[in-house]
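Presented below is the structure to which this report refers.
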Amino acid sequence: MPPELNHESPAAKCASAPFDHAKADVILRSADGVEFRVFKLFLSLSSPCFDGMFGIPQAPNGSPDQEMKDDLAVISVSEDSKTLDAFLRFCYPSTFAEDPILDSLTVALPVLTAARKYLLDLVEKKVCQVLLSTKVLEREPLRCFAIARGARLKHETIVAARHTLRQPLIPAWFAEINYITAADLLALFTYHRNCGIATQALADDLKWMTRHYGNQASCNWVFGWTYNSFGTRQYCGCGLGNGQRFLPWDLVPVSWWEKYMQEVFELLKENPSGDTVRTAADRTAAKVRSTGCSICSGLVTANMTKFSELLARKVEEAVAPACTLLYHGLILIFSVDRADAGLLKIIIWLLPQDVVDALHKALQDSEYRFSTGVEGCCHRDIDSQNCRTLLNWTLAQVWTWF
């Protein structure tokens with residue numbers, strides 16, 4: 001009689017509770033050899049993928065095609081034990097297992113991948129909540145952007161991109177950069193730059209400030225004066241600015257406020273975020289307090305806090321349109337293969353699906369062929385001299401929808 005086949009991995013270990021139940025009816029073995037004794041019913045109710053998997057007739061016990069252990073079928077999966085543990089806890093009722101805390105991007109991405117693989121929308125939504133967590137976004141916005149963009153999560157991509165505005169334009173290397181393409185990173189850099197440009201309009205026109213305060217008396221601290229107990233206007237000793245720029249109501253402001261405006265708008269070119277405005281305001285307030293000015297020192301903190309909140313809000317409003325264009329942007333890459341009679345390739349990146357569909361129809365109606373998708377490509381043997389003509393035609397088609 002031939003020896004009994006033993007498919008069990010020698011490195012197999014049993015998972016912790018609740019995935020070690022004696023009455024479980026199937027075993028899932030992770031990529032790193034950890035065995036999860038689970039109930040088919042819980043998994044089938046949670047995931048149509050598992051439901052279909054368990055609905056397939058199993059090979060009879062003892063068949064060389066089916067590994068068995070303790071009379072239970074053993075199914076090997078590609079996820080590691082950490083990912084599988086988190087994923088399965090979402091599948092189990094709360095009376096058996098609490099939902100895992102996905103406060104780490106290192107865990108969130110593999111769980112998101114598993115959720116999509118096993119068609120479990122609820123888990124995907126849970127992971128999206130992690131990507132939108134203020135704590136995670138403020139700490140690691142670039143990683144959030146890369147994960148969201150790599151997973152084609154539109155809303156999460158835009159929110160993460162907005163949070164990257166608080167950091168330098170050129171990021172340090174991070175592992176998740178492998179989840180995005182060079183075009184994705186270029187789009188983020190372009191968005192970053194466009195936001196910086198958008199903020200500069202606030203420096204060129206101070207109507208947002210004068211309309212808010214109404215008149216100069218409402219923000220007399222900007223000009224370095226106040227009224228004393230006798231109702232007489234009293235000026236500080238900080239001195240006035242040079243009067244070349246930042247002139248609300250065409251009046252020259254106090255020197256330290258002018259310096260603040262110069263500093264903050266220079267910083268906004270690289271970090272176009274409301275946080276940049278507030279941080280610079282705190283530094284300015286600290287400097288003014290240190291001068292000991294009898295008028296400005298006591299007023300600067302409260303006044304600059306209110307002013308910086310106003311400016312921060314205007315900055316966020318200024319960059320908001322650029323955030324929309326981030327995901328509705330267009331990158332056209334033309335490449336001519338001289339060895340192949342001038343093969344022209346157009347890559348349309350990050351267009352919303354309705355625009356892709358419309359462009360698809362327009363191209364079908366034209367002499368050029370086009371294949372749909374998030375990243376659509378049009379291939380045609382074409383003389384390189386006609387590249388500019390095709391580019392202009394395609395742009396004309398696309399801008400129709402914006």
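By order of appearance in the structure tokens: chains A, B, ..., then residues from 1 within every chain, and ligands from 1 in the order shown.
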Would you list the contacts of stretch 253-262 of chain A as a short mmCIF file (atom, residue, chain, number, x, y, z; two decimals) with N, CA, C and O atoms, in the first residue's frame, taking every protein, DNA or RNA residue within 10 Å and counting only C-alpha atoms, but skipping same-chain residues closer than 2 positions in sequence?
data_model
loop_
_atom_site.label_atom_id
_atom_site.label_comp_id
_atom_site.auth_asym_id
_atom_site.auth_seq_id
_atom_site.Cartn_x
_atom_site.Cartn_y
_atom_site.Cartn_z
N ALA A 203 -1.71 88.06 -3.48
CA ALA A 203 -0.73 89.10 -3.16
C ALA A 203 -0.88 90.30 -4.08
O ALA A 203 -0.62 91.44 -3.69
N ASN A 220 -6.47 98.66 12.27
CA ASN A 220 -5.46 99.70 12.46
C ASN A 220 -4.11 99.14 12.89
O ASN A 220 -3.06 99.75 12.68
N TRP A 221 -4.09 97.93 13.44
CA TRP A 221 -2.84 97.31 13.87
C TRP A 221 -1.90 97.06 12.69
O TRP A 221 -0.68 97.02 12.86
N VAL A 222 -2.50 96.89 11.49
CA VAL A 222 -1.68 96.68 10.29
C VAL A 222 -0.84 97.92 10.00
O VAL A 222 0.26 97.82 9.44
N PHE A 223 -1.33 99.07 10.41
CA PHE A 223 -0.63 100.33 10.13
C PHE A 223 0.13 100.86 11.35
O PHE A 223 0.67 101.97 11.33
N GLY A 224 0.14 100.06 12.44
CA GLY A 224 0.96 100.40 13.58
C GLY A 224 0.42 101.49 14.48
O GLY A 224 1.19 102.24 15.07
N TRP A 225 -0.89 101.61 14.56
CA TRP A 225 -1.42 102.62 15.46
C TRP A 225 -2.66 102.10 16.19
O TRP A 225 -3.29 101.14 15.79
N TYR A 235 0.90 106.03 17.58
CA TYR A 235 1.65 105.18 16.66
C TYR A 235 2.74 104.41 17.39
O TYR A 235 3.30 104.88 18.38
N CYS A 236 3.03 103.22 16.85
CA CYS A 236 4.08 102.40 17.45
C CYS A 236 5.44 102.83 16.91
O CYS A 236 5.53 103.64 16.00
N GLY A 237 6.49 102.24 17.48
CA GLY A 237 7.84 102.58 17.05
C GLY A 237 8.45 101.57 16.10
O GLY A 237 9.66 101.59 15.86
N CYS A 238 7.62 100.66 15.53
CA CYS A 238 8.14 99.62 14.65
C CYS A 238 8.50 100.14 13.27
O CYS A 238 9.27 99.49 12.54
N GLY A 239 7.95 101.29 12.92
CA GLY A 239 8.25 101.86 11.61
C GLY A 239 7.39 101.27 10.51
O GLY A 239 6.80 100.20 10.65
N LEU A 240 7.30 101.99 9.40
CA LEU A 240 6.49 101.56 8.27
C LEU A 240 7.33 100.82 7.25
O LEU A 240 8.56 100.91 7.23
N GLY A 241 6.66 100.07 6.39
CA GLY A 241 7.35 99.34 5.34
C GLY A 241 7.83 100.27 4.23
O GLY A 241 7.68 101.50 4.31
N ASN A 242 8.38 99.65 3.16
CA ASN A 242 8.92 100.47 2.08
C ASN A 242 7.85 100.94 1.10
O ASN A 242 8.12 101.76 0.22
N GLY A 243 6.63 100.39 1.23
CA GLY A 243 5.53 100.88 0.42
C GLY A 243 5.56 100.46 -1.03
O GLY A 243 4.84 101.03 -1.85
N GLN A 244 6.35 99.44 -1.37
CA GLN A 244 6.42 99.01 -2.76
C GLN A 244 5.36 97.97 -3.11
O GLN A 244 5.01 97.80 -4.27
N ARG A 245 4.85 97.27 -2.11
CA ARG A 245 3.86 96.23 -2.34
C ARG A 245 3.05 96.04 -1.06
O ARG A 245 3.44 96.53 -0.01
N PHE A 246 1.93 95.38 -1.17
CA PHE A 246 1.05 95.11 -0.02
C PHE A 246 0.59 96.41 0.62
O PHE A 246 0.98 96.76 1.73
N LEU A 247 -0.25 97.13 -0.12
CA LEU A 247 -0.75 98.43 0.33
C LEU A 247 -2.27 98.40 0.45
O LEU A 247 -3.00 98.82 -0.45
N PRO A 248 -2.80 97.89 1.55
CA PRO A 248 -4.26 97.89 1.71
C PRO A 248 -4.78 99.32 1.79
O PRO A 248 -4.20 100.16 2.50
N TRP A 249 -5.85 99.60 1.06
CA TRP A 249 -6.41 100.96 0.96
C TRP A 249 -5.34 101.96 0.49
O TRP A 249 -5.39 103.15 0.82
N ASP A 250 -4.34 101.46 -0.23
CA ASP A 250 -3.25 102.30 -0.74
C ASP A 250 -2.46 102.98 0.37
O ASP A 250 -1.86 104.05 0.18
N LEU A 251 -2.45 102.35 1.53
CA LEU A 251 -1.69 102.88 2.66
C LEU A 251 -0.51 101.98 2.97
O LEU A 251 -0.59 100.75 2.82
N VAL A 264 5.41 85.09 3.59
CA VAL A 264 4.41 84.06 3.44
C VAL A 264 4.10 83.78 1.97
O VAL A 264 3.91 82.62 1.56
N PHE A 265 4.10 84.81 1.13
CA PHE A 265 3.80 84.56 -0.28
C PHE A 265 4.98 83.93 -1.01
O PHE A 265 4.79 83.25 -2.02
N GLU A 266 6.17 84.13 -0.50
CA GLU A 266 7.31 83.41 -1.06
C GLU A 266 7.23 81.93 -0.67
O GLU A 266 7.49 81.05 -1.49
N LEU A 267 6.84 81.68 0.58
CA LEU A 267 6.69 80.29 1.03
C LEU A 267 5.55 79.58 0.32
O LEU A 267 5.62 78.37 0.05
N VAL A 277 0.51 79.53 5.97
CA VAL A 277 0.09 80.88 6.41
C VAL A 277 0.09 80.96 7.93
O VAL A 277 0.62 81.92 8.51
N ALA A 280 3.71 80.75 9.53
CA ALA A 280 4.45 82.00 9.34
C ALA A 280 3.90 83.09 10.26
O ALA A 280 4.66 83.93 10.77
N ALA A 281 2.59 83.09 10.46
CA ALA A 281 1.97 84.09 11.35
C ALA A 281 2.44 83.90 12.79
O ALA A 281 2.71 84.88 13.51
N ARG A 283 5.31 82.65 13.73
CA ARG A 283 6.70 83.13 13.81
C ARG A 283 6.75 84.65 13.89
O ARG A 283 7.52 85.22 14.68
N THR A 284 5.94 85.29 13.07
CA THR A 284 5.92 86.76 13.07
C THR A 284 5.46 87.30 14.41
O THR A 284 6.05 88.25 14.96
N ALA A 285 4.41 86.71 14.96
CA ALA A 285 3.89 87.16 16.26
C ALA A 285 4.95 87.03 17.35
O ALA A 285 5.11 87.92 18.19
N LYS A 287 8.22 87.11 16.95
CA LYS A 287 9.24 88.13 16.73
C LYS A 287 8.79 89.50 17.21
O LYS A 287 9.56 90.23 17.84
N VAL A 288 7.54 89.83 16.91
CA VAL A 288 7.02 91.15 17.31
C VAL A 288 6.93 91.25 18.83
O VAL A 288 7.28 92.28 19.42
N CYS A 296 2.33 97.13 19.57
CA CYS A 296 2.21 95.90 18.77
C CYS A 296 2.33 94.62 19.60
O CYS A 296 1.65 93.63 19.32
N VAL A 300 -0.47 91.75 18.72
CA VAL A 300 -0.08 90.99 17.54
C VAL A 300 -0.62 89.56 17.53
O VAL A 300 -1.04 89.06 16.48
N MET A 304 -3.00 88.68 14.48
CA MET A 304 -2.39 87.84 13.45
C MET A 304 -3.06 86.48 13.36
O MET A 304 -3.11 85.87 12.29
#
> Mind checking DSSP for stretch 111-142 of chain A and telling me the alpha helix (DSSP H) residues as a list of chain:residue names?
Replying inline: A:Val111, A:Leu112, A:Thr113, A:Ala114, A:Ala115, A:Arg116, A:Lys117, A:Asp121, A:Leu122, A:Val123, A:Glu124, A:Lys125, A:Lys126, A:Val127, A:Cys128, A:Gln129, A:Val130, A:Leu131, A:Thr134, A:Lys135, A:Val136, A:Leu137, A:Glu138, A:Arg139, A:Pro141, A:Leu142
Need the shell around stretch 315-324 of chain A: protein/DNA/RNA residues with any atom at most 9 Å away, counting only C-alpha atoms. Skip same-chain ones fewer than 5 positions apart. Format as a tab-separated table (two decimals) with N, CA, C and O atoms, in the first residue's frame?
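Dumped to result_37.tsv:
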chain	number	residue	atom	x	y	z
A	158	ILE	N	-7.46	62.90	-4.53
A	158	ILE	CA	-7.54	64.37	-4.49
A	158	ILE	C	-7.27	64.89	-3.09
A	158	ILE	O	-6.52	65.87	-2.91
A	159	VAL	N	-7.87	64.25	-2.08
A	159	VAL	CA	-7.66	64.71	-0.70
A	159	VAL	C	-6.19	64.57	-0.30
A	159	VAL	O	-5.61	65.48	0.31
A	161	ALA	N	-3.60	64.52	-2.32
A	161	ALA	CA	-2.83	65.51	-3.08
A	161	ALA	C	-2.88	66.88	-2.43
A	161	ALA	O	-1.89	67.59	-2.35
A	162	ARG	N	-4.06	67.23	-1.91
A	162	ARG	CA	-4.20	68.53	-1.24
A	162	ARG	C	-3.31	68.61	0.00
A	162	ARG	O	-2.72	69.64	0.29
A	191	TYR	N	0.35	69.87	-10.38
A	191	TYR	CA	-0.71	70.36	-9.49
A	191	TYR	C	-0.12	71.23	-8.38
A	191	TYR	O	-0.63	72.32	-8.07
A	192	HIS	N	0.98	70.78	-7.80
A	192	HIS	CA	1.65	71.51	-6.73
A	192	HIS	C	2.08	72.90	-7.23
A	192	HIS	O	1.85	73.93	-6.58
A	194	ASN	N	0.92	74.56	-9.89
A	194	ASN	CA	-0.24	75.37	-10.25
A	194	ASN	C	-0.91	75.97	-9.02
A	194	ASN	O	-1.42	77.10	-9.06
A	195	CYS	N	-0.92	75.21	-7.93
A	195	CYS	CA	-1.48	75.75	-6.68
A	195	CYS	C	-0.64	76.91	-6.17
A	195	CYS	O	-1.18	77.92	-5.69
A	196	GLY	N	0.68	76.76	-6.26
A	196	GLY	CA	1.57	77.85	-5.84
A	196	GLY	C	1.34	79.11	-6.65
A	196	GLY	O	1.32	80.23	-6.12
A	197	ILE	N	1.14	78.93	-7.95
A	197	ILE	CA	0.87	80.07	-8.82
A	197	ILE	C	-0.47	80.71	-8.48
A	197	ILE	O	-0.60	81.94	-8.45
A	198	ALA	N	-1.46	79.87	-8.18
A	198	ALA	CA	-2.81	80.38	-7.89
A	198	ALA	C	-2.82	81.28	-6.65
A	198	ALA	O	-3.57	82.25	-6.58
A	199	THR	N	-1.97	80.97	-5.68
A	199	THR	CA	-1.96	81.77	-4.44
A	199	THR	C	-1.41	83.17	-4.65
A	199	THR	O	-1.73	84.08	-3.89
A	201	ALA	N	-2.06	85.35	-6.79
A	201	ALA	CA	-3.06	86.36	-7.13
A	201	ALA	C	-3.56	87.09	-5.89
A	201	ALA	O	-3.97	88.26	-5.96
A	202	LEU	N	-3.51	86.42	-4.74
A	202	LEU	CA	-3.93	87.07	-3.48
A	202	LEU	C	-2.97	88.17	-3.07
A	202	LEU	O	-3.36	89.12	-2.37
A	268	LEU	N	4.50	80.31	0.01
A	268	LEU	CA	3.34	79.71	-0.65
A	268	LEU	C	3.65	79.20	-2.05
A	268	LEU	O	2.95	78.34	-2.58
A	272	PRO	N	1.85	75.72	-0.98
A	272	PRO	CA	0.60	76.49	-1.07
A	272	PRO	C	-0.52	75.91	-0.21
A	272	PRO	O	-1.47	75.32	-0.69
A	273	SER	N	-0.38	76.10	1.09
A	273	SER	CA	-1.33	75.52	2.04
A	273	SER	C	-1.67	76.53	3.13
A	273	SER	O	-0.86	77.41	3.47
A	274	GLY	N	-2.86	76.38	3.70
A	274	GLY	CA	-3.25	77.25	4.80
A	274	GLY	C	-2.34	77.10	6.00
A	274	GLY	O	-2.12	78.05	6.76
A	277	VAL	N	0.51	79.53	5.97
A	277	VAL	CA	0.09	80.88	6.41
A	277	VAL	C	0.09	80.96	7.93
A	277	VAL	O	0.62	81.92	8.51
A	310	LEU	N	-8.04	84.16	8.02
A	310	LEU	CA	-8.66	84.73	6.82
A	310	LEU	C	-7.82	84.40	5.58
A	310	LEU	O	-8.34	83.91	4.57
A	329	GLY	N	-7.02	66.14	-15.43
A	329	GLY	CA	-5.92	66.62	-16.24
A	329	GLY	C	-5.72	65.78	-17.48
A	329	GLY	O	-6.29	64.72	-17.65
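Note that the spacing between atom CA of A:Ala312 and atom CA of A:Thr164 amounts to 15.7 Å.
Atom pair atom CA of A:Val123 / atom CA of A:Ala22 has a distance of 26.5 Å (rounded to one decimal).
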>> Using only C-alpha atoms for the distances, tell me which of A:Ala146, A:Lys154, A:Phe189, A:Val26 is nearest to A:Met53.
In response: A:Val26
>> Just checking: using only C-alpha atoms, which residue out of A:Lys207, A:Arg313, A:Lys269, A:Arg143 ends up closest to A:Pro171?
In response: A:Arg143
> Can you list, as an MDAnalysis selection string, every protein, DNA or RNA residue that comes within 9 Å of A:Pro18 when you count only C-alpha atoms, leaving out same-chain residues fewer than 4 positions away?
Replying inline: chainID A and resid 36:38 89 96:97
Go ahead and write the residues just picked, N, CA and C atoms, as a PDB file, in the first residue's frame.
ATOM      1  N   PHE A  36      -5.370  29.285   9.287  1.00  0.00           N
ATOM      2  CA  PHE A  36      -6.548  29.933   9.867  1.00  0.00           C
ATOM      3  C   PHE A  36      -7.727  28.969   9.743  1.00  0.00           C
ATOM      4  N   ARG A  37      -8.196  28.500  10.885  1.00  0.00           N
ATOM      5  CA  ARG A  37      -9.360  27.606  10.902  1.00  0.00           C
ATOM      6  C   ARG A  37     -10.606  28.492  10.961  1.00  0.00           C
ATOM      7  N   VAL A  38     -11.343  28.524   9.883  1.00  0.00           N
ATOM      8  CA  VAL A  38     -12.450  29.477   9.751  1.00  0.00           C
ATOM      9  C   VAL A  38     -13.740  28.751   9.383  1.00  0.00           C
ATOM     10  N   ARG A  89     -11.053  39.291   9.993  1.00  0.00           N
ATOM     11  CA  ARG A  89     -11.779  39.898  11.120  1.00  0.00           C
ATOM     12  C   ARG A  89     -12.947  40.754  10.628  1.00  0.00           C
ATOM     13  N   PHE A  96     -17.735  37.574  17.448  1.00  0.00           N
ATOM     14  CA  PHE A  96     -16.595  36.658  17.356  1.00  0.00           C
ATOM     15  C   PHE A  96     -15.267  37.410  17.271  1.00  0.00           C
ATOM     16  N   ALA A  97     -15.271  38.523  16.522  1.00  0.00           N
ATOM     17  CA  ALA A  97     -14.012  39.267  16.316  1.00  0.00           C
ATOM     18  C   ALA A  97     -14.317  40.729  16.040  1.00  0.00           C
TER      19      ALA A  97
END
> Can you list, as number ranges by chain, every protein, DNA or RNA residue that comes within 7 Å of stretch 42-47 of chain A when you count only C-alpha atoms, leaving out same-chain residues fewer than 4 positions away?
Replying inline: A: 51, 91-92, 118-120
